[in-house]
file upload.cif (mmCIF, C-alpha atoms)
data_structure
loop_
_atom_site.label_atom_id
_atom_site.label_comp_id
_atom_site.auth_asym_id
_atom_site.auth_seq_id
_atom_site.Cartn_x
_atom_site.Cartn_y
_atom_site.Cartn_z
CA MET X 1 -31.29 -113.32 -51.04
CA ILE X 2 -28.37 -111.64 -49.32
CA GLN X 3 -26.85 -113.26 -46.27
CA ALA X 4 -26.27 -111.19 -43.13
CA LEU X 5 -22.79 -112.59 -42.49
CA ASP X 6 -21.61 -111.65 -46.00
CA LEU X 7 -22.90 -108.14 -45.35
CA PHE X 8 -20.92 -107.91 -42.10
CA TYR X 9 -17.85 -109.24 -43.92
CA TYR X 10 -18.02 -106.54 -46.61
CA ALA X 11 -18.62 -103.96 -43.86
CA ILE X 12 -15.35 -105.09 -42.22
CA ILE X 13 -13.46 -104.53 -45.49
CA ILE X 14 -14.95 -101.03 -45.96
CA LEU X 15 -14.13 -100.11 -42.34
CA ALA X 16 -10.52 -101.23 -42.84
CA ILE X 17 -10.25 -99.01 -45.93
CA LEU X 18 -11.67 -96.09 -43.91
CA ALA X 19 -9.09 -96.69 -41.17
CA LEU X 20 -6.35 -96.55 -43.82
CA LEU X 21 -7.78 -93.22 -45.04
CA ALA X 22 -7.69 -91.90 -41.47
CA MET X 23 -4.02 -92.87 -41.32
CA VAL X 24 -3.41 -90.29 -44.07
CA ARG X 25 -4.41 -87.58 -41.60
CA LEU X 26 -2.40 -89.33 -38.88
CA TYR X 27 0.67 -89.05 -41.13
CA LEU X 28 0.09 -85.60 -42.62
CA GLY X 29 -1.49 -83.79 -39.66
CA PRO X 30 0.21 -80.45 -39.24
CA THR X 31 -0.13 -80.26 -35.45
CA LEU X 32 -0.16 -82.79 -32.63
CA PRO X 33 -3.92 -82.49 -31.77
CA ASP X 34 -4.77 -83.38 -35.40
CA ARG X 35 -2.90 -86.64 -35.01
CA VAL X 36 -4.67 -87.33 -31.71
CA VAL X 37 -8.06 -86.81 -33.42
CA ALA X 38 -7.11 -89.23 -36.21
CA ALA X 39 -5.88 -91.83 -33.70
CA ASP X 40 -9.15 -91.55 -31.76
CA ALA X 41 -11.17 -92.11 -34.93
CA ILE X 42 -9.00 -95.15 -35.80
CA ASN X 43 -9.64 -96.54 -32.30
CA THR X 44 -13.40 -96.26 -32.76
CA LEU X 45 -13.19 -97.94 -36.17
CA THR X 46 -11.10 -100.73 -34.64
CA VAL X 47 -13.77 -101.36 -32.01
CA ALA X 48 -16.39 -101.61 -34.77
CA VAL X 49 -14.22 -104.03 -36.76
CA MET X 50 -13.68 -106.21 -33.67
CA LEU X 51 -17.42 -106.38 -32.97
CA LEU X 52 -18.18 -107.37 -36.58
CA LEU X 53 -15.35 -109.96 -36.59
CA GLY X 54 -16.78 -111.49 -33.42
CA VAL X 55 -20.10 -111.93 -35.16
CA VAL X 56 -18.65 -113.26 -38.42
CA TYR X 57 -16.35 -115.82 -36.79
CA LYS X 58 -18.88 -116.61 -34.00
CA GLU X 59 -16.29 -115.91 -31.29
CA LEU X 60 -17.84 -114.22 -28.26
CA ILE X 61 -14.40 -113.39 -26.84
CA PHE X 62 -13.82 -110.81 -29.60
CA ILE X 63 -16.74 -108.75 -28.24
CA ASP X 64 -15.15 -108.72 -24.76
CA VAL X 65 -11.82 -107.72 -26.29
CA ALA X 66 -13.61 -104.88 -28.08
CA ILE X 67 -15.11 -103.59 -24.81
CA VAL X 68 -11.72 -103.66 -23.08
CA TYR X 69 -10.10 -102.02 -26.12
CA ALA X 70 -12.64 -99.20 -26.01
CA LEU X 71 -11.95 -98.51 -22.33
CA LEU X 72 -8.15 -98.73 -22.72
CA SER X 73 -8.17 -96.44 -25.76
CA PHE X 74 -10.20 -93.97 -23.67
CA VAL X 75 -7.51 -94.02 -20.97
CA SER X 76 -4.72 -93.58 -23.52
CA THR X 77 -6.61 -90.70 -25.17
CA LEU X 78 -6.96 -88.97 -21.80
CA TYR X 79 -3.25 -89.33 -21.07
CA ILE X 80 -2.24 -88.09 -24.54
CA ALA X 81 -4.60 -85.13 -24.05
CA LYS X 82 -2.93 -84.37 -20.72
CA TYR X 83 0.45 -84.44 -22.48
CA VAL X 84 -0.71 -82.24 -25.36
CA GLY X 85 -2.24 -79.71 -22.95
CA GLY X 86 1.03 -79.47 -21.05
CA GLU X 87 -0.32 -80.72 -17.73
CA LEU X 88 1.82 -83.83 -17.40
CA MET S 1 -37.10 -111.39 -44.12
CA ILE S 2 -37.85 -108.18 -42.26
CA ALA S 3 -34.77 -108.79 -40.11
CA ILE S 4 -32.43 -108.76 -43.12
CA ILE S 5 -33.96 -105.50 -44.36
CA LEU S 6 -33.39 -103.92 -40.93
CA ILE S 7 -29.81 -105.24 -40.86
CA VAL S 8 -29.06 -103.84 -44.33
CA ILE S 9 -30.49 -100.44 -43.40
CA CYS S 10 -28.54 -100.27 -40.10
CA VAL S 11 -25.24 -101.38 -41.68
CA ILE S 12 -25.58 -98.94 -44.60
CA ILE S 13 -26.35 -96.04 -42.24
CA GLY S 14 -23.37 -97.01 -40.09
CA LEU S 15 -20.97 -97.26 -43.02
CA VAL S 16 -22.15 -93.97 -44.55
CA PHE S 17 -21.72 -92.08 -41.29
CA ASN S 18 -18.30 -93.62 -40.65
CA ALA S 19 -17.24 -92.62 -44.18
CA LEU S 20 -18.53 -89.07 -43.62
CA GLY S 21 -16.52 -88.83 -40.41
CA ILE S 22 -13.31 -89.95 -42.14
CA ILE S 23 -13.90 -87.58 -45.08
CA GLY S 24 -14.41 -84.81 -42.52
CA ILE S 25 -11.08 -85.66 -40.88
CA ILE S 26 -9.31 -85.42 -44.24
CA ARG S 27 -11.06 -82.36 -45.68
CA PHE S 28 -11.72 -79.96 -42.78
CA PRO S 29 -9.29 -77.08 -42.15
CA ASP S 30 -8.48 -77.06 -38.42
CA VAL S 31 -8.46 -79.30 -35.37
CA TYR S 32 -11.84 -78.32 -33.88
CA THR S 33 -13.82 -78.96 -37.06
CA ARG S 34 -11.96 -82.25 -37.55
CA LEU S 35 -12.82 -83.26 -34.00
CA HIS S 36 -16.45 -82.28 -34.55
CA ALA S 37 -16.71 -84.38 -37.72
CA SER S 38 -14.80 -87.42 -36.53
CA THR S 39 -16.21 -87.90 -33.05
CA LYS S 40 -19.91 -87.38 -33.72
CA ALA S 41 -20.13 -89.13 -37.07
CA THR S 42 -17.90 -92.05 -36.05
CA THR S 43 -19.74 -92.67 -32.77
CA PHE S 44 -23.15 -92.52 -34.48
CA GLY S 45 -22.05 -94.85 -37.27
CA THR S 46 -20.52 -97.39 -34.91
CA ILE S 47 -23.66 -97.40 -32.74
CA PHE S 48 -25.72 -98.14 -35.86
CA LEU S 49 -23.39 -101.00 -36.83
CA CYS S 50 -23.93 -102.37 -33.31
CA LEU S 51 -27.70 -102.03 -33.79
CA GLY S 52 -27.36 -104.14 -36.93
CA ILE S 53 -25.52 -106.80 -34.92
CA ILE S 54 -28.27 -106.70 -32.26
CA VAL S 55 -31.01 -107.19 -34.87
CA TYR S 56 -29.03 -110.11 -36.34
CA GLY S 57 -28.55 -111.73 -32.91
CA VAL S 58 -32.20 -111.36 -31.93
CA SER S 59 -33.44 -112.75 -35.26
CA VAL S 60 -31.12 -115.78 -35.06
CA TYR S 61 -32.15 -116.33 -31.43
CA LEU S 62 -35.84 -116.25 -32.35
CA THR S 63 -35.39 -118.84 -35.12
CA THR S 64 -32.92 -121.25 -33.44
CA SER S 65 -33.31 -120.36 -29.70
CA ASP S 66 -29.55 -120.70 -29.22
CA GLY S 67 -28.51 -119.02 -25.98
CA GLN S 68 -25.13 -117.95 -27.35
CA TYR S 69 -26.76 -115.31 -29.54
CA LEU S 70 -28.54 -113.81 -26.53
CA MET S 71 -25.14 -113.48 -24.84
CA LEU S 72 -23.89 -111.81 -28.04
CA VAL S 73 -26.69 -109.23 -27.84
CA VAL S 74 -25.99 -108.48 -24.16
CA HIS S 75 -22.26 -108.04 -24.77
CA VAL S 76 -22.85 -105.77 -27.77
CA ILE S 77 -25.18 -103.59 -25.64
CA ILE S 78 -22.40 -103.27 -23.03
CA ALA S 79 -20.00 -102.34 -25.84
CA ILE S 80 -22.42 -99.62 -27.04
CA PHE S 81 -22.49 -98.06 -23.55
CA ALA S 82 -18.68 -98.20 -23.23
CA LEU S 83 -18.26 -96.63 -26.68
CA ALA S 84 -20.84 -93.85 -26.19
CA ILE S 85 -19.48 -92.75 -22.80
CA THR S 86 -15.77 -92.93 -23.61
CA ASN S 87 -15.94 -91.24 -27.02
CA ALA S 88 -17.78 -88.19 -25.68
CA ALA S 89 -15.47 -87.71 -22.70
CA GLY S 90 -12.33 -88.37 -24.77
CA SER S 91 -13.26 -85.83 -27.45
CA HIS S 92 -13.93 -83.24 -24.72
CA ALA S 93 -10.46 -83.87 -23.29
CA ILE S 94 -8.86 -83.56 -26.77
CA ALA S 95 -10.61 -80.23 -27.42
CA ARG S 96 -9.50 -78.88 -24.04
CA ALA S 97 -5.92 -79.99 -24.67
CA ALA S 98 -5.94 -78.45 -28.16
CA TYR S 99 -7.06 -75.12 -26.72
CA LYS S 100 -4.42 -75.25 -24.00
CA SER S 101 -1.72 -76.06 -26.55
CA GLY S 102 -2.55 -72.87 -28.43
CA ALA S 103 -4.49 -74.10 -31.47
CA LEU S 104 -7.15 -71.64 -32.64
CA PRO S 105 -9.88 -72.08 -35.28
CA GLU S 106 -8.84 -71.06 -38.81
CA PRO S 107 -10.59 -67.65 -39.19
CA ALA S 108 -10.37 -66.84 -35.45
CA VAL S 109 -11.27 -63.21 -34.63
CA VAL S 110 -11.92 -63.14 -30.89
CA ASP S 111 -11.04 -65.48 -28.01
CA ARG S 112 -13.83 -65.13 -25.45
CA LEU S 113 -12.39 -67.79 -23.14
CA LYS S 114 -9.14 -65.88 -22.68
CA GLU S 115 -11.07 -62.64 -22.14
CA ALA S 116 -13.25 -64.29 -19.51
CA ARG S 117 -10.23 -65.46 -17.53
CA LEU S 118 -8.42 -62.12 -17.76
#
call {"tool": "encode", "arguments": {"input": "upload.cif", "output": "structure tokens"}}
result
Amino acid sequence: MIQALDLFYYAIIILAILALLAMVRLYLGPTLPDRVVAADAINTLTVAVMLLLGVVYKELIFIDVAIVYALLSFVSTLYIAKYVGGEL
Amino acid sequence: MIAIILIVICVIIGLVFNALGIIGIIRFPDVYTRLHASTKATTFGTIFLCLGIIVYGVSVYLTTSDGQYLMLVVHVIIAIFALAITNAAGSHAIARAAYKSGALPEPAVVDRLKEARL
């Protein structure tokens, strides 16, 4: 019988490895928009990791932090996009 | 028992789609295909991970009737809405900025947007 919290814990580890793989593109990316795409993907993975950590450690505040992180990363993505497009 | 099967299915779907998105970021040739792979696959996978958390919270609430898990479910639903709205709008802004900065798809032949603006 598998426990749900162990499953979430292994999912956290796999998501962290995926975020490290996305950092390869963040480092190599030939142009600036490639790096922005990789950073956006890492932000989404970070939100997922925060939600799962909030469940595993039974801390409800992590879920709120994840919501605020999602909105702030959206704002930062919009501003970086403005900069890349030359409108800033 | 049926809750743990649903949780396993949701978490495996979420992890597989997140992994496909990251593989797409690494393997695809230009910025638009990378954006296509990363945004759609990563958003879908994260929403399915959240669905797994919701199933877990509801099942624990039904067995123990602890109100904290109901609050967990409500907060995770709010997080799903925040994630779904912001990822779509953010990827649109990145694609627009990539076009304005002069990036074209890899075998680009025509540019209809530039022709339409004249």
call {"tool": "interface_residues", "arguments": {"input": "upload.cif", "of": "chain X", "to": "chain S", "cutoff": "9 Å", "atoms": "all atoms listed in the file", "output": "NGL selection string"}}
result
:X and (2-4 or 7-8 or 11 or 14-15 or 18-19 or 21-22 or 24-25 or 31-34 or 36-38 or 40-41 or 44-45 or 47-48 or 51-52 or 54-55 or 60 or 63-64 or 66-68 or 70-71 or 73-75 or 77-78 or 80-87)
call {"tool": "resolve_selection", "arguments": {"input": "upload.cif", "expression": "the PyMOL selection byres ((chain S and resi 114) around 12)", "output": "PyMOL selection string"}}
result
chain S and resi 99-100+102+104+110-113+115-118
call {"tool": "atom_distance", "arguments": {"input": "upload.cif", "atom1": "atom CA of X:Val49", "atom2": "atom CA of X:Phe62"}}
result
9.9 Å
call {"tool": "closest_residue", "arguments": {"input": "upload.cif", "among": "X:Ile61, X:Met50, X:Val56, X:Leu88", "to": "X:Ala16", "atoms": "all atoms listed in the file"}}
result
X:Met50
call {"tool": "atom_distance", "arguments": {"input": "upload.cif", "atom1": "atom CA of X:Tyr57", "atom2": "atom CA of X:Asp6"}}
result
11.4 Å
call {"tool": "closest_residue", "arguments": {"input": "upload.cif", "among": "X:Ile42, X:Val65, X:Leu53, X:Leu26", "to": "X:Ile12", "atoms": "all atoms listed in the file"}}
result
X:Leu53
call {"tool": "atom_distance", "arguments": {"input": "upload.cif", "atom1": "atom CA of X:Tyr69", "atom2": "atom CA of S:Ile9"}}
result
26.8 Å
call {"tool": "decode", "arguments": {"input": "upload.cif", "residues": "stretch 99-118 of chain S", "atoms": "N, CA and C atoms", "output": "short mmCIF file (atom, residue, chain, number, x, y, z; two decimals), in the first residue's frame"}}
result
data_model
loop_
_atom_site.label_atom_id
_atom_site.label_comp_id
_atom_site.auth_asym_id
_atom_site.auth_seq_id
_atom_site.Cartn_x
_atom_site.Cartn_y
_atom_site.Cartn_z
N TYR S 99 8.73 38.23 -31.27
CA TYR S 99 8.54 38.71 -32.65
C TYR S 99 9.07 40.12 -32.81
N LYS S 100 8.81 40.99 -31.83
CA LYS S 100 9.28 42.37 -31.96
C LYS S 100 10.79 42.48 -31.85
N SER S 101 11.44 41.52 -31.19
CA SER S 101 12.90 41.57 -31.11
C SER S 101 13.56 40.93 -32.32
N GLY S 102 12.76 40.45 -33.29
CA GLY S 102 13.34 40.02 -34.55
C GLY S 102 13.57 38.54 -34.69
N ALA S 103 13.13 37.72 -33.73
CA ALA S 103 13.32 36.27 -33.85
C ALA S 103 12.27 35.70 -34.80
N LEU S 104 12.73 34.87 -35.75
CA LEU S 104 11.82 34.23 -36.70
C LEU S 104 11.90 32.72 -36.49
N PRO S 105 10.85 31.97 -36.89
CA PRO S 105 10.95 30.51 -36.83
C PRO S 105 12.07 29.99 -37.74
N GLU S 106 12.54 28.77 -37.46
CA GLU S 106 13.78 28.27 -38.08
C GLU S 106 13.71 28.18 -39.61
N PRO S 107 12.71 27.49 -40.22
CA PRO S 107 12.65 27.52 -41.68
C PRO S 107 11.68 28.59 -42.20
N ALA S 108 11.80 29.83 -41.73
CA ALA S 108 10.83 30.87 -42.08
C ALA S 108 10.95 31.24 -43.56
N VAL S 109 9.80 31.25 -44.26
CA VAL S 109 9.77 31.59 -45.68
C VAL S 109 9.10 32.93 -45.90
N VAL S 110 7.92 33.11 -45.31
CA VAL S 110 7.19 34.37 -45.46
C VAL S 110 6.92 34.93 -44.07
N ASP S 111 6.63 36.24 -44.00
CA ASP S 111 6.28 36.90 -42.75
C ASP S 111 4.99 37.67 -43.00
N ARG S 112 3.85 37.00 -42.81
CA ARG S 112 2.55 37.59 -43.15
C ARG S 112 2.24 38.79 -42.26
N LEU S 113 2.74 38.79 -41.03
CA LEU S 113 2.41 39.91 -40.13
C LEU S 113 3.04 41.20 -40.61
N LYS S 114 4.29 41.09 -41.09
CA LYS S 114 4.96 42.30 -41.61
C LYS S 114 4.29 42.77 -42.90
N GLU S 115 3.86 41.81 -43.74
CA GLU S 115 3.17 42.18 -44.97
C GLU S 115 1.84 42.86 -44.67
N ALA S 116 1.15 42.40 -43.63
CA ALA S 116 -0.15 42.97 -43.32
C ALA S 116 -0.01 44.40 -42.81
N ARG S 117 1.10 44.70 -42.14
CA ARG S 117 1.26 46.07 -41.63
C ARG S 117 1.73 47.04 -42.70
N LEU S 118 2.46 46.50 -43.67
CA LEU S 118 3.03 47.32 -44.75
C LEU S 118 3.91 48.42 -44.20
#
